[in-house]
Every structure is written in structure tokens, then in C-alpha cells.
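In what follows, a single structure is set out as C-alpha cells and then discussed.
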Amino acid sequence: MSNDCVITSPEMQAEFVAGSEGTGGEMAPSSKSDRSSGNRKWGPRDHIIRQLDRVRITGQLSPRLFRKLPPRLCVSLRNIVDEEFLRKGHVFLGFSKCGRFVLSYTSDVLDDDFAFYSYHLYWWQFQVHSKLRLVRQVRLFQDEEIYSDLYLTVCEWPSDSSKVIVFGFNTSGNGMLMNMMSDENHRDIYISTVSAPPTSPCTDCRESPKGPCLQHSFMLHTKYQVVYPFPTFQPAFQLKKDNVVLLNTSFSLVACAISVHPSGDKESNQILYSKQNQHNAHASCALSFSPSVASSGGHSPLPSEPCSPTPPGTPPAVTRAREFVAGIFRRAREASGLEAEDKGERPGPSKQSPSQPSDPDSPTWHRTINEGHSRSSGHTEEPSYVNYTQLRYVLGQVTETDQESEYEDDKISLPFLVTDLKGQHLKPLNDKASFKGQHLTVEQLTLDFEYVINEVIRHDASWYRQFCSFSDYDIVILEMCPETNQVIMNIGLLLLAFPAPQEDAQLRPKTYHTSLKVAWDLHTGVFSTLSVGELTEVKGQTSGSVWSSYRKSCVDTVMKWLVPENSARYVNRMTNEALHKGCSLKVLADSVRYTWIVL
């Protein structure tokens with residue numbers, strides 16, 4: 001494969017997020033009569049007219065509509081990149097969302113004996129028919145000893161062009177060292193968030209005597225391990241809210257918010273778990289879910305009204321988002337076969353189903369919900385499953401004491417290494433005093449999966465008395481609404497349970513599969529049960545086949561709920577997936593400005 005490989009791909013794990021951004025291609029004809037009318041052969045003009053009619057009806061312009069561009073819009077990579085860079089092994093990934101930069105990366109072996117890899121990311125300024133100009137080079141995943149060639153995905157948030165986030169992971173044991181240092185049940189995940197170069201020098205950069213300002217010169221690095229069944233990588237949902245990334249660590253969902261506050265800001269506005277905004281109606285969506293358990297059907301209830309009435313003066317975007325989330329909940333509720341509840345009903349005492357015992361010594365689901373409700377009324381008590389931290393950083397000289405005290409908070413789920421572009425540590429601000437200069441804020445809000453599973457089963461599962469223990473689980477994000485801060489996820493569950501008495505008189509535990517749908521509010525930290533599935537016995541199936549079927553069902557659910565994204569609000573993704581498959585695409589495409597770099 002040539003070193004000047006040009007790679008673009010919509011997703012690194014195609015088994016899940018197929019078409020999740022709503023930019024898919026042509027729809028398959030529904031019948032033979034649609035494919036042809038008699039013996040007539042459709043010509044190119046007819047094809048374009050039909051496609052434009054589809055654009056008029058759907059409001060979407062398929063990137064497959066124009067498969068070839070005029071030569072004046074096509075540029076040869078070899079004409080705009082010096083040969084020396086191609087010989088160094090640059091892999092060109094794609095255009096930035098603004099179209100002004102082209103990104104590439106290199107992977108170098110640091111030690112021939114142990115084959116440790118070092119990754120660098122490059123920004124090139126792009127102008128049609130002019131040489132690419134290198135404007136930034138950074139080392140990714142700093143200080144990590146990476147012992148395999150990684151799958152890489154470089155992403156940009158929907159409306160935030162100030163930084164990119166890079167995901168890297170290994171998928172198989174390549175080489176003796178990797179086989180010694182890991183096993184097939186674990187996968188290393190490497191993440192770097194890097195500030196992007198400005199399209200033009202900002203005021204702070206020009207006035208700073210020490211170089212680029214904090215907004216344009218920070219990096220965050222972290223690493224964690226995931227276990228089988230390895231979580232799917234879903235940029236379209238994990239990065240759907242600007243400045244926030246949702247990280248599935250196999251054991252918890254960690255929402256991380258990364259933001260730079262300009263000079264003069266007296267207070268840092270929290271993005272996650274923002275107590276001062278909990279009086280807003282859209283921040284209490286999760287609190288209006290009815291906690292009662294359905295007395296029939298074997299499902300916990302879905303919300304009768306996902307959000308409280310929209311207050312006057314609510315922005316149109318928030319109103320539309322609330323209506324969208326309400327529609328998702330309504331469709332999920334209808335799919336569960338539940339009767340519609342009274343719209344005016346407020347959360348009341350939990351209704352126990354006949355098969356579910358009442359445990360007065362343990363917190364009820366109603367009490368857990370009301371803990372969050374009391375917080376929105378002015379109290380600051382946190383539910384036991386809420387884990388929130390906030391750290392701040394500034395440019396400056398770092399002492400050993402700063403580095404030692406940086407991670408004193410035991411609530412931190414993922415420790416970040418925070419540096420400038422040269423790899424020097426940023427200075428942490430441990431005090432709560434206001435800081436007038438630029439400062440970087442890193443927030444983490446964590447939801448523990450096993451806590452959620454146990455609480456949902458104990459309070460919302462009609463088969464609670466049959467339940468023995470769960471052995472494995474897999475979490476897939478079904479939707480994330482950035483306006484209401486609701487994350488909707490499906491928890492696939494393998495568990496041991498006794499069969500119903502009428503099914504088996506011997507009452508020996510059997511292996512079952514089920515799924516739990518829950519919603520998590522990033523503002524309040526409160527989670528709520530949407531539905532609990534029936535128990536399906538696992539007969540002669542491997543865990544691999546169970547998880548494969550489960551993820552296929554998640555894809556079906558996502559496709560049913562899919563609403564096309566705004567053409568400007570999408571997660572831009574560039575990957576090296578083709579490189580790992582031993583092939584290369586023919587063009588590097590900027591589909592917004594219809595510009596191609598041809599290999």
C-alpha cells in the first residue's frame with residue numbers, strides 16, 4: 001500500500017452506527033416496477049431529475065448524487081504535498097469541517113526491540129491548487145507505551161471547531177509484546193483532545209508574549225481498558241453535545257466536558273450537573289417520569305409525559321428538542337404495549353406488581369426519583385450514584401506539589417494528563433477562587449452501570465423474585481438530545497434466574513437474556529427506567545451470538561427513531577479503517593464545498 005494513502009470512513013465499528021447521522025445514500029426500490037418502467041432505460045438526465053425530486057421531498061442531498069466532479073474541483077495529492085512527507089509515511093485522513101485544513105497522521109516505532117508506537121497528528125492549511133502548508137504538529141497519547149498499530153478516528157463536535165478528539169484502540173494481539181502485556185478479553189482505549197489551530201490569529205494569541213493562548217494550545221490525554229463484549233464506538237451519539245464526550249468504560253458511562261473560559265470570566269459556567277440551572281424545565285425531564293410499576297405486561301412504565309410544560313420564552317430549538325424526546329418516549333411506550341397514563345399524573349407512591357415484594361428497609365425507586373426532585377427545588381443532596389468532579393487548569397510553571405495534588409479527589413473516574421502543545425503540564429487550580437485569566441475546565445459526571453442494573457431490577461422488574469445474578473452486560477446509546485441533556489441507553493443483560501413455576505417444577509436457575517432501557521439526565525445526574533424487557537432463555541447460544549443479535553436489535557431501534565441531522569450539525573469523522581483493511585479510497589472529499597483531493 002502506498003504511503004500517500006487517503007482514507008475517509010463514516011464509522012470505525014460498522015456493526016452498530018450504520019447510517020446514524022442521516023446522511024445515507026440512495027434508498028432501495030420497493031418493487032420491480034420502481035426499478036424500471038416497462039423496457040425503458042433511464043438515462044443520466046432522468047437519474048438526476050429523480051434524485052433532485054427526492055431532495056425536494058426529503059430535504060436531503062445525497063453525497064452519491066454527483067459521483068464525479070469537474071476537473072477544476074479535483075486536486076492531485078502529489079501536486080500539493082512534497083514527496084518527502086509521503087516518504088515519511090503520512091496517512092492523510094480528511095478535511096476539517098471548516099474546509100480550511102487537511103489532517104494527516106504518522107506512526108513511528110520508538111524502539112525496534114519492543115516496537116512501541118508513537119503517533120503524531122498534523123494540520124495542513126488547504127487552498128485549491130496551492131501547496132499544503134503545515135501549520136501544526138502534535139504528539140498524541142503522550143507518555144503512553146503503545147505496543148500495537150491502532151485504529152484511529154479523529155472527530156469534530158457538531159458546532160465546535162476549536163478542538164478535535166482522537167480515539168485510538170487496538171483490536172487484536174499483534175506481536176509477541178502485546179500478547180505478553182494484554183489478553184483477548186481486554187482492549188486498550190487511548191484518547192487525546194487537541195486544540196485546533198485558529199483560522200486566523202486571535203486577539204489573545206497576538207497579545208500573549210509566550211505564544212498561543214490557552215484556547216489554541218491545550219491537550220488532554222487519557223487511557224482506559226474495556227472488556228468483552230467491547231462497547232461499540234458511536235461518535236454520532238457520544239459527541240452529539242458540543243464540548244461533551246460520552247465514554248463507555250464497560251463499567252460506567254463517563255460524561256466529560258472540556259471547555260476554555262475566556263479572560264474576564266468571573267465564574268465558570270458548568271456544562272454538566274449544573275445546579276444553578278436545575279430550576280429550568282428542560283433540566284428536570286427525568287424527574288417527571290412515573291416510577292410506578294405496571295401491574296401487567298411485565299414492563300416498568302414509560303414516562304407519561306417526558307417533560308413538564310414548556311415555559312413561556314423557551315427558545316424554539318429547546319422546544320423542538322423536547323418534542324423530539326417526547327416522541328421517542330411515546331414510540332418506545334407504544335412499542336412496549338403499555339396503556340397511556342394520565343397526562344396530569346405526578347410521581348406518587350410506587351405501585352408494586354403482584355410478583356414484586358416490597359422491601360421497607362431499602363430505598364424505593366420513588367424515593368430515588370424524589371431525591372433528584374428535591375434537588376431541583378433548591379436542595380443540594382446528591383443521589384448516591386452521582387459522581388461529579390471539576391478541575392481547572394491554566395498556563396504556567398508547574399511544581400511537583402501541583403502534580404501530586406492534581407488527582408486527590410477520589411471521585412475522578414478517568415485521570416487526564418493535561419498539557420500544552422509541547423507536552424508540558426498545565427498548572428491545576430485547586431482552589432475555588434475566581435480566576436480572571438483564561439482557564440481550562442474539565443468536568444466528569446459518572447453513572448455506574450452495575451448500580452443502575454441492580455436498582456432497575458429490584459424496583460422495576462416484574463421477574464425480580466426469579467432473579468439470581470447477572471453475569472454480563474452490554475450498553476448501547478440509542479439517542480442523545482443535546483438540548484434536553486438526555487442520554488437514552490439500552491442495557492443488554494445476561495443473567496441467571498429461576499424459571500416461572502408454571503414453566504419448570506424443578507426450579508433450577510437458567511441463563512436468560514433481557515434488556516433495560518434507561519434515560520440519564522446530564523444536568524441533574526438522575527437516571528430513570530423507561531422499560532424492562534421479558535426474560536428470554538438462552539438455549540445453546542454462545543455469548544457472541546447473543547450480543548450480535550442484541551446489537552442488531554439496537555440498530556433496528558435506532559433506525560426506527562432516526563431523525564436526519566441538520567446539514568451543518570453533524571459529527572465530522574476521519575478514520576484509518578481502510579488502512580487496516582489493506583486498501584485506500586480514491587479521493588479525499590470535502591462534500592460540503594465539493595472539492596476532491598485525488599490520490
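Chain lettering (A, B, ...) mirrors the order of the C-alpha cells, residue numbering begins at 1 for each chain separately, and ligand numbering begins at 1 in order of display.
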
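By only C-alpha atoms, and with residues fewer than 5 positions from region 526-530 of chain A along its chain excluded, the set lying at most 6 Å from it is Leu302, Lys517, Val518, Ala519, Trp520 and Asp521 of chain A.
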
Please produce an output containing N, CA and C atoms for each residue in the selection, written as a PDB file, in the first residue's frame.
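Written out: again-v1.pdb:
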ATOM      1  N   LEU A 302     -43.248   3.484  31.097  1.00  0.00           N
ATOM      2  CA  LEU A 302     -42.555   4.559  30.401  1.00  0.00           C
ATOM      3  C   LEU A 302     -43.155   5.869  30.852  1.00  0.00           C
ATOM      4  N   LYS A 517     -34.083  -0.390  29.269  1.00  0.00           N
ATOM      5  CA  LYS A 517     -33.909   0.930  28.666  1.00  0.00           C
ATOM      6  C   LYS A 517     -34.006   1.982  29.769  1.00  0.00           C
ATOM      7  N   VAL A 518     -32.985   2.835  29.827  1.00  0.00           N
ATOM      8  CA  VAL A 518     -32.951   3.879  30.852  1.00  0.00           C
ATOM      9  C   VAL A 518     -32.578   5.210  30.210  1.00  0.00           C
ATOM     10  N   ALA A 519     -32.953   6.295  30.887  1.00  0.00           N
ATOM     11  CA  ALA A 519     -32.587   7.651  30.466  1.00  0.00           C
ATOM     12  C   ALA A 519     -31.767   8.286  31.573  1.00  0.00           C
ATOM     13  N   TRP A 520     -30.726   9.013  31.199  1.00  0.00           N
ATOM     14  CA  TRP A 520     -29.840   9.674  32.161  1.00  0.00           C
ATOM     15  C   TRP A 520     -29.775  11.150  31.839  1.00  0.00           C
ATOM     16  N   ASP A 521     -30.025  11.984  32.843  1.00  0.00           N
ATOM     17  CA  ASP A 521     -30.034  13.429  32.669  1.00  0.00           C
ATOM     18  C   ASP A 521     -28.674  13.988  33.076  1.00  0.00           C
TER      19      ASP A 521
END

With a distance cut-off of 10 Å and only C-alpha atoms, select the neighbouring residues of Thr557 (chain A), excluding the residue or stretch itself and same-chain residues fewer than 4 positions from it, and output the selection as a PDB file with C-alpha atoms, in the first residue's frame.
ATOM      1  CA  ALA A 332     -40.981   3.337  22.968  1.00  0.00           C
ATOM      2  CA  LEU A 478     -29.758   4.830  21.475  1.00  0.00           C
ATOM      3  CA  ASN A 490     -30.164   0.168  26.192  1.00  0.00           C
ATOM      4  CA  ARG A 551     -26.746  -5.149  18.806  1.00  0.00           C
ATOM      5  CA  LYS A 552     -28.725  -5.847  15.661  1.00  0.00           C
ATOM      6  CA  SER A 553     -31.904  -5.117  17.620  1.00  0.00           C
ATOM      7  CA  TRP A 561     -36.105   6.557  15.781  1.00  0.00           C
ATOM      8  CA  LEU A 562     -33.699   8.158  13.319  1.00  0.00           C
TER       9      LEU A 562
END

With only C-alpha atoms as the basis for distance, which of A:Thr595, A:Gln502, A:Ser413, A:Ser259 is at the shortest distance from Gln438 (chain A)?
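Under the stated criterion, the closest residue is A:Ser259.
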
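Between Leu494 (chain A) and the residues A:Thr199, A:Ser462, A:Thr542, A:Asn576, the shortest atom-to-atom distance, using only C-alpha atoms, involves A:Thr542.
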
Alpha helix (DSSP H) per DSSP on the backbone: members of region 403-534 of chain A, as a list in words
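Residues of region 403-534 of chain A classed as alpha helix (DSSP H): Gln403, Glu404, Ser405, Phe449, Glu450, Tyr451, Val452, Ile453, Asn454, Glu455, Val456, Ile457, Arg458, His459 and Asp460 of chain A.
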
Expected file: the selected residues, N, CA and C atoms, as a compact mmCIF listing (two decimals), in the first residue's frame:
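Everything below was put into result-v4.txt:
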# COMPACT_ATOMS: atom_id res chain seq x y z
N GLN A 403 1.51 18.67 40.72
CA GLN A 403 1.27 17.37 40.10
C GLN A 403 0.79 16.35 41.12
N GLU A 404 1.30 16.41 42.36
CA GLU A 404 0.89 15.45 43.37
C GLU A 404 -0.55 15.67 43.82
N SER A 405 -0.98 16.93 43.87
CA SER A 405 -2.32 17.24 44.37
C SER A 405 -3.38 17.25 43.28
N PHE A 449 -22.86 1.49 35.93
CA PHE A 449 -23.79 0.59 35.28
C PHE A 449 -24.36 -0.46 36.23
N GLU A 450 -23.51 -1.05 37.06
CA GLU A 450 -23.99 -2.14 37.92
C GLU A 450 -24.96 -1.62 38.97
N TYR A 451 -24.75 -0.39 39.44
CA TYR A 451 -25.72 0.21 40.36
C TYR A 451 -27.07 0.36 39.66
N VAL A 452 -27.03 0.87 38.44
CA VAL A 452 -28.27 1.07 37.68
C VAL A 452 -28.99 -0.26 37.48
N ILE A 453 -28.24 -1.29 37.06
CA ILE A 453 -28.84 -2.59 36.78
C ILE A 453 -29.52 -3.14 38.03
N ASN A 454 -28.83 -3.09 39.14
CA ASN A 454 -29.40 -3.62 40.38
C ASN A 454 -30.64 -2.84 40.80
N GLU A 455 -30.61 -1.52 40.69
CA GLU A 455 -31.75 -0.71 41.09
C GLU A 455 -32.96 -0.95 40.19
N VAL A 456 -32.71 -1.03 38.89
CA VAL A 456 -33.82 -1.24 37.96
C VAL A 456 -34.46 -2.61 38.19
N ILE A 457 -33.63 -3.65 38.36
CA ILE A 457 -34.18 -4.99 38.61
C ILE A 457 -34.95 -5.02 39.93
N ARG A 458 -34.39 -4.44 40.96
CA ARG A 458 -35.01 -4.50 42.29
C ARG A 458 -36.35 -3.76 42.33
N HIS A 459 -36.46 -2.66 41.61
CA HIS A 459 -37.64 -1.82 41.76
C HIS A 459 -38.60 -1.86 40.57
N ASP A 460 -38.13 -2.29 39.40
CA ASP A 460 -38.96 -2.16 38.21
C ASP A 460 -39.18 -3.44 37.42

Sort by chain and increasing residue number a table of all residues of region 149-246 of chain A within 12 Å of region 565-569 of chain A, each with its closest pair of atoms and their distance in Å to one decimal, counting only C-alpha atoms, and write it as a Markdown table.
| residue | atom | partner | partner_atom | distance |
| --- | --- | --- | --- | --- |
| A:Glu156 | CA | A:Arg569 | CA | 10.5 |
| A:Trp157 | CA | A:Arg569 | CA | 8.4 |
| A:Pro158 | CA | A:Arg569 | CA | 4.6 |
| A:Ser159 | CA | A:Arg569 | CA | 6.3 |
| A:Asp160 | CA | A:Arg569 | CA | 9.7 |
| A:Ser161 | CA | A:Arg569 | CA | 11.5 |
| A:Ala236 | CA | A:Glu565 | CA | 9.9 |
| A:Phe237 | CA | A:Glu565 | CA | 11.5 |
| A:Leu239 | CA | A:Arg569 | CA | 11.1 |
| A:Lys240 | CA | A:Arg569 | CA | 8.8 |
| A:Lys241 | CA | A:Arg569 | CA | 10.1 |
| A:Asp242 | CA | A:Arg569 | CA | 10.0 |

Name the closest residue to Phe101 (chain A) among the candidates A:Phe85, A:Phe251, A:Tyr119, A:Phe126; distances are taken between atoms, counting only C-alpha atoms.
A:Phe126

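Here CA of Lys560 (chain A) and CA of Tyr151 (chain A) stand 29.5 Å from one another.
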
So that I can check the surroundings of Gly423 (chain A), please list as a PyMOL selection string every protein, DNA and RNA residue that reaches within 10 Å of it, counting only C-alpha atoms and ignoring chain neighbours fewer than 2 positions away.
chain A and resi 138-140+142-143+218-220+417-421+425-426

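With distances restricted to only C-alpha atoms, A:Cys213 is the closest residue to Val394 (chain A) from A:Leu414, A:Val245, A:Cys213, A:Val128.
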
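In this structure, CA of Leu246 (chain A) sits 14.1 Å away from CA of Tyr273 (chain A).
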